[in-house]
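K.L.:
Submitted below is the structure of interest, expressed as structure tokens.
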Amino acid sequence: MNAPARPKILVVDDVAANLLVMRKLLAKAEIELIEAASGAEALSACLDHEFALILLDINMPEMDGFETAELIAEEDKNRLTPIIFVTASYGDDINRLKGYHAGAVDYIAKPINDQILRSKVRVFLELWSAKQDLQQFASRLNERNLQLEHEIAERLRAEAEARYLAHHDALTGLPNRLLFLDRLDTAIKRADRHGSCFALLYVDIDGFKPVNDLHGHATGDLLLQKIAQRLLEGLRRSDTVARLGGDEFAVVLEEIRSPQEACLIGEQFCRTLSLPFLLEKPGASLEVRVGGSIGVALYPDHGKSRDSLLTAADAAMYQAKRAGKNHCLLATKPDSVH
């Protein structure tokens, strides 16, 4: 592991002897000392380094300490860098006020008292060290917050996926029986509230078992996915199609005005399902044909409850299958709908 960087102190003085004195007085401090002989050199050093403290002489030719301090503070990264003015005019209140206005945080009088210098430097180095610790803590805290945000997002995603899988068929992505029954209950409540009608279609795929037995379950699964896609393409946004299990599907058609309208949609499903299915397999393509026997029941004509409606649609589907398959048949209205 690399050793932590030592704090940097900038000493600015146009007199070489003064720089030498500072160098000797600060020789034992755990710092990196950088020297500048003018305000221009100080500005250049501030561009290349970040300092824990700047010891700045006031009386310099061309650019004095006040102007240098103001220019240093114009850079965002230096705005909070503490500056101690080193001056022989420490007792001059006007210069002191001018220095504070320029950005000084303290003064050291010339000739320099070594104990005062070391004491003041130690204070600011401790402040710098505390600032570094705080920045590191803030950085670690920010990293942990980002990690927590990622963990929360991942947990929410996993929970959403679990909820989805609990209500959808893993193979086709359609609503499963549980979600379908909930949608059916909702359709009943909506129809009761608005005095409207909806249709339930019970779909059984004709000829699926021979394809599954002859070509394998992988081909059967691919076929079920293609069937689900065709059923979805024939629906309106308000309708629901679900896979109840195996090769059985169910459809809720909202806002149906008549039995004829529901049967027309069911017959269209039969025509769609009877078209050839092209199944792309690794290294080969397979064309298969199936069909669909569909029973249609209307709410409330063929049942006033979920179970009675399902029973009516299921019975109509079996009648369609016995009548020759790939056929749509409307349920028989019972004498007493319950």
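How things are named: the first chain in the structure tokens is A, the next is B, and so on; residues count from 1 in each chain; ligands count from 1 in the order shown.
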Check the DSSP output for the backbone and give back, as a PyMOL selection string, the residues of segment 10-88 of chain A in helix (DSSP H, G or I).
P.N.:
chain A and resi 16-25+39-48+65-74+76-78
K.L.:
Env of Gly246 of chain A: 10 Å cut, atoms = only C-alpha atoms, seq-sep filter 2 positions within chain, self excluded. Answer as a PDB file with N, CA and C atoms, in the first residue's frame.
P.N.:
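Listing of selection_1.pdb after writing:
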```pdb
ATOM      1  N   ASP A 204     -58.670 -24.657 -27.077  1.00  0.00           N
ATOM      2  CA  ASP A 204     -57.869 -25.879 -26.963  1.00  0.00           C
ATOM      3  C   ASP A 204     -57.226 -26.136 -28.323  1.00  0.00           C
ATOM      4  N   ILE A 205     -55.931 -26.367 -28.337  1.00  0.00           N
ATOM      5  CA  ILE A 205     -55.201 -26.524 -29.590  1.00  0.00           C
ATOM      6  C   ILE A 205     -55.389 -27.948 -30.121  1.00  0.00           C
ATOM      7  N   PHE A 208     -51.901 -30.639 -31.288  1.00  0.00           N
ATOM      8  CA  PHE A 208     -50.642 -30.271 -30.631  1.00  0.00           C
ATOM      9  C   PHE A 208     -49.890 -31.513 -30.140  1.00  0.00           C
ATOM     10  N   LYS A 209     -50.585 -32.463 -29.578  1.00  0.00           N
ATOM     11  CA  LYS A 209     -49.915 -33.637 -28.990  1.00  0.00           C
ATOM     12  C   LYS A 209     -49.089 -34.416 -30.015  1.00  0.00           C
ATOM     13  N   ASP A 221     -42.665 -26.636 -27.270  1.00  0.00           N
ATOM     14  CA  ASP A 221     -42.574 -25.350 -26.564  1.00  0.00           C
ATOM     15  C   ASP A 221     -42.490 -24.190 -27.548  1.00  0.00           C
ATOM     16  N   LEU A 224     -45.914 -23.560 -28.950  1.00  0.00           N
ATOM     17  CA  LEU A 224     -46.783 -22.848 -28.006  1.00  0.00           C
ATOM     18  C   LEU A 224     -46.459 -21.354 -27.967  1.00  0.00           C
ATOM     19  N   ARG A 243     -52.487 -18.347 -20.832  1.00  0.00           N
ATOM     20  CA  ARG A 243     -52.260 -19.790 -20.983  1.00  0.00           C
ATOM     21  C   ARG A 243     -52.651 -20.438 -19.669  1.00  0.00           C
ATOM     22  N   LEU A 244     -53.659 -21.323 -19.745  1.00  0.00           N
ATOM     23  CA  LEU A 244     -54.156 -21.975 -18.538  1.00  0.00           C
ATOM     24  C   LEU A 244     -53.338 -23.203 -18.167  1.00  0.00           C
ATOM     25  N   GLU A 248     -53.907 -25.322 -23.548  1.00  0.00           N
ATOM     26  CA  GLU A 248     -55.183 -24.648 -23.339  1.00  0.00           C
ATOM     27  C   GLU A 248     -54.954 -23.158 -23.051  1.00  0.00           C
ATOM     28  N   PHE A 249     -55.746 -22.329 -23.727  1.00  0.00           N
ATOM     29  CA  PHE A 249     -55.673 -20.883 -23.573  1.00  0.00           C
ATOM     30  C   PHE A 249     -57.078 -20.343 -23.318  1.00  0.00           C
TER      31      PHE A 249
END
```
K.L.:
Find the residues around Ala69 of chain A up to 12 Å (only C-alpha atoms counted), leave out those fewer than 2 positions away in its own chain, and share them as a PyMOL selection string.
P.N.:
chain A and resi 12+38-40+42-43+46+54-58+63-67+71-75+78-85+98-105
K.L.:
For the residues in the current selection, export C-alpha atoms as an mmCIF file, in the first residue's frame.
P.N.:
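To be explicit, this is the file written out as selection-v7.cif:
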```cif
data_model
loop_
_atom_site.group_PDB
_atom_site.id
_atom_site.type_symbol
_atom_site.label_atom_id
_atom_site.label_comp_id
_atom_site.auth_asym_id
_atom_site.auth_seq_id
_atom_site.Cartn_x
_atom_site.Cartn_y
_atom_site.Cartn_z
ATOM 1 C CA VAL A 12 6.507 32.793 -0.962
ATOM 2 C CA SER A 38 7.582 35.984 -6.489
ATOM 3 C CA GLY A 39 3.841 36.299 -6.776
ATOM 4 C CA ALA A 40 3.991 34.955 -10.333
ATOM 5 C CA ALA A 42 3.331 31.371 -6.429
ATOM 6 C CA LEU A 43 0.436 31.500 -8.893
ATOM 7 C CA CYS A 46 -0.876 26.853 -7.181
ATOM 8 C CA ILE A 54 0.496 29.147 2.091
ATOM 9 C CA LEU A 55 3.014 31.374 3.918
ATOM 10 C CA LEU A 56 3.000 34.557 1.879
ATOM 11 C CA ASP A 57 5.299 37.574 2.229
ATOM 12 C CA ILE A 58 3.474 40.880 1.789
ATOM 13 C CA MET A 63 3.116 41.788 -7.323
ATOM 14 C CA ASP A 64 2.745 42.193 -3.578
ATOM 15 C CA GLY A 65 1.238 39.647 -1.203
ATOM 16 C CA PHE A 66 -2.239 41.209 -1.207
ATOM 17 C CA GLU A 67 -2.594 40.986 -4.990
ATOM 18 C CA LEU A 71 -5.410 36.025 -7.528
ATOM 19 C CA ILE A 72 -4.792 32.715 -5.762
ATOM 20 C CA ALA A 73 -8.300 32.783 -4.285
ATOM 21 C CA GLU A 74 -9.858 33.282 -7.721
ATOM 22 C CA GLU A 75 -9.180 29.638 -8.531
ATOM 23 C CA ASN A 78 -7.539 27.396 -3.886
ATOM 24 C CA ARG A 79 -10.449 29.356 -2.491
ATOM 25 C CA LEU A 80 -10.378 27.530 0.841
ATOM 26 C CA THR A 81 -6.588 27.229 1.107
ATOM 27 C CA PRO A 82 -5.476 29.073 4.276
ATOM 28 C CA ILE A 83 -2.988 31.916 3.729
ATOM 29 C CA ILE A 84 -0.787 33.313 6.499
ATOM 30 C CA PHE A 85 0.792 36.649 5.690
ATOM 31 C CA LYS A 98 -6.386 44.732 3.934
ATOM 32 C CA GLY A 99 -4.817 41.312 4.340
ATOM 33 C CA TYR A 100 -7.940 39.743 5.790
ATOM 34 C CA HIS A 101 -9.937 41.226 2.938
ATOM 35 C CA ALA A 102 -7.463 39.689 0.478
ATOM 36 C CA GLY A 103 -7.994 36.252 2.026
ATOM 37 C CA ALA A 104 -5.511 35.945 4.871
ATOM 38 C CA VAL A 105 -6.496 33.843 7.870
#
```
K.L.:
With a distance cut-off of 12 Å and only C-alpha atoms, select the neighbouring residues of Val211 of chain A, excluding the residue or stretch itself and same-chain residues fewer than 4 positions from it, and output the selection as a list in words.
P.N.:
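The neighbour list is Ile205, Asp206, Gly207, His215, Gly216, His217, Ala218, Thr219, Gly220, Asp221, Leu222, Leu223, Leu224, Asp247, Phe277, Leu279, Leu286, Glu287, Val288, Arg289, Val290 and Gly291 of chain A.
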K.L.:
Grab the residues selected above and save them as a PDB file, in the first residue's frame with C-alpha atoms.
P.N.:
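The file below, selection.pdb, is the result:
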```
ATOM      1  CA  ILE A 205     -55.201 -26.524 -29.590  1.00  0.00           C
ATOM      2  CA  ASP A 206     -56.054 -29.349 -32.010  1.00  0.00           C
ATOM      3  CA  GLY A 207     -53.168 -31.533 -33.139  1.00  0.00           C
ATOM      4  CA  HIS A 215     -40.709 -33.747 -32.751  1.00  0.00           C
ATOM      5  CA  GLY A 216     -40.019 -33.427 -29.024  1.00  0.00           C
ATOM      6  CA  HIS A 217     -40.863 -31.076 -26.195  1.00  0.00           C
ATOM      7  CA  ALA A 218     -38.496 -28.343 -27.404  1.00  0.00           C
ATOM      8  CA  THR A 219     -40.424 -28.132 -30.666  1.00  0.00           C
ATOM      9  CA  GLY A 220     -43.704 -28.237 -28.756  1.00  0.00           C
ATOM     10  CA  ASP A 221     -42.574 -25.350 -26.564  1.00  0.00           C
ATOM     11  CA  LEU A 222     -41.587 -23.313 -29.617  1.00  0.00           C
ATOM     12  CA  LEU A 223     -44.975 -24.001 -31.164  1.00  0.00           C
ATOM     13  CA  LEU A 224     -46.783 -22.848 -28.006  1.00  0.00           C
ATOM     14  CA  ASP A 247     -52.170 -26.421 -24.839  1.00  0.00           C
ATOM     15  CA  PHE A 277     -46.421 -22.506 -38.327  1.00  0.00           C
ATOM     16  CA  LEU A 279     -40.565 -23.317 -36.528  1.00  0.00           C
ATOM     17  CA  LEU A 286     -39.998 -27.253 -39.605  1.00  0.00           C
ATOM     18  CA  GLU A 287     -43.503 -26.431 -40.833  1.00  0.00           C
ATOM     19  CA  VAL A 288     -46.392 -27.767 -38.775  1.00  0.00           C
ATOM     20  CA  ARG A 289     -50.153 -27.358 -38.841  1.00  0.00           C
ATOM     21  CA  VAL A 290     -52.535 -27.350 -35.921  1.00  0.00           C
ATOM     22  CA  GLY A 291     -55.956 -25.886 -35.221  1.00  0.00           C
TER      23      GLY A 291
END
```
K.L.:
With a distance cut-off of 12 Å and only C-alpha atoms, select the neighbouring residues of Leu231 of chain A, excluding the residue or stretch itself and same-chain residues fewer than 3 positions from it, and output the selection as a ChimeraX atom specification.
P.N.:
/A:172,174,201,203,205,224-228,234-236,239-243,248-252,265-266,268-274,292
K.L.:
Enumerate the residues of segment 91-267 of chain A with a DSSP assignment of strand (DSSP E or B), computed from the backbone, and present them as a PyMOL selection string.
P.N.:
chain A and resi 104-109+168+175+198-206+240-245+248-253
K.L.:
A:Pro259, A:Leu26, A:Ala138, A:Ala313: which is nearest Gln115 of chain A, counting only C-alpha atoms?
P.N.:
A:Leu26
K.L.:
List the spatial neighbours of Met317 of chain A as an mmCIF file with N, CA and C atoms, in the first residue's frame - criterion: any atom at most 6 Å away, only C-alpha atoms, same-chain residues fewer than 4 positions off excluded.
P.N.:
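Ended up saving to around_15.cif:
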```cif
data_model
loop_
_atom_site.group_PDB
_atom_site.id
_atom_site.type_symbol
_atom_site.label_atom_id
_atom_site.label_comp_id
_atom_site.auth_asym_id
_atom_site.auth_seq_id
_atom_site.Cartn_x
_atom_site.Cartn_y
_atom_site.Cartn_z
ATOM 1 N N SER A 293 -59.968 -25.494 -31.254
ATOM 2 C CA SER A 293 -61.383 -25.632 -30.924
ATOM 3 C C SER A 293 -61.707 -24.613 -29.857
ATOM 4 N N ILE A 294 -62.728 -23.780 -30.106
ATOM 5 C CA ILE A 294 -62.985 -22.639 -29.236
ATOM 6 C C ILE A 294 -64.435 -22.642 -28.769
ATOM 7 N N GLY A 295 -64.599 -22.532 -27.454
ATOM 8 C CA GLY A 295 -65.927 -22.371 -26.888
ATOM 9 C C GLY A 295 -66.110 -20.934 -26.429
#
```
K.L.:
From the list A:Ser119, A:Thr87, A:Gln147, A:Ser258, which residue is nearest Ala29 of chain A when using only C-alpha atoms?
P.N.:
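Of the candidates, the smallest distance to Ala29 of chain A is held by A:Ser119.
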K.L.:
Just how far from atom CA of Leu253 of chain A is atom CA of Arg306 of chain A, in Å to one decimal?
P.N.:
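Result for atom CA of Arg306 of chain A versus atom CA of Leu253 of chain A: 14.4 Å, one decimal.
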K.L.:
May I have the residues within 7 Å of Leu25 of chain A as a list in words, using only C-alpha atoms and disregarding those fewer than 3 positions away in the same chain?
P.N.:
Val21, Met22 and Asp114 of chain A
K.L.:
Can I get the selection written as a PDB file, in the first residue's frame, with C-alpha atoms?
P.N.:
```pdb
ATOM      1  CA  VAL A  21      15.087  30.500   7.296  1.00  0.00           C
ATOM      2  CA  MET A  22      11.634  29.055   6.590  1.00  0.00           C
ATOM      3  CA  ASP A 114      10.251  29.750  15.455  1.00  0.00           C
TER       4      ASP A 114
END
```
K.L.:
Could you state the separation of atom CA of His150 of chain A and atom CA of Asp169 of chain A in Å, given to one decimal place?
P.N.:
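Atom-to-atom, atom CA of His150 of chain A to atom CA of Asp169 of chain A, that is 28.3 Å.
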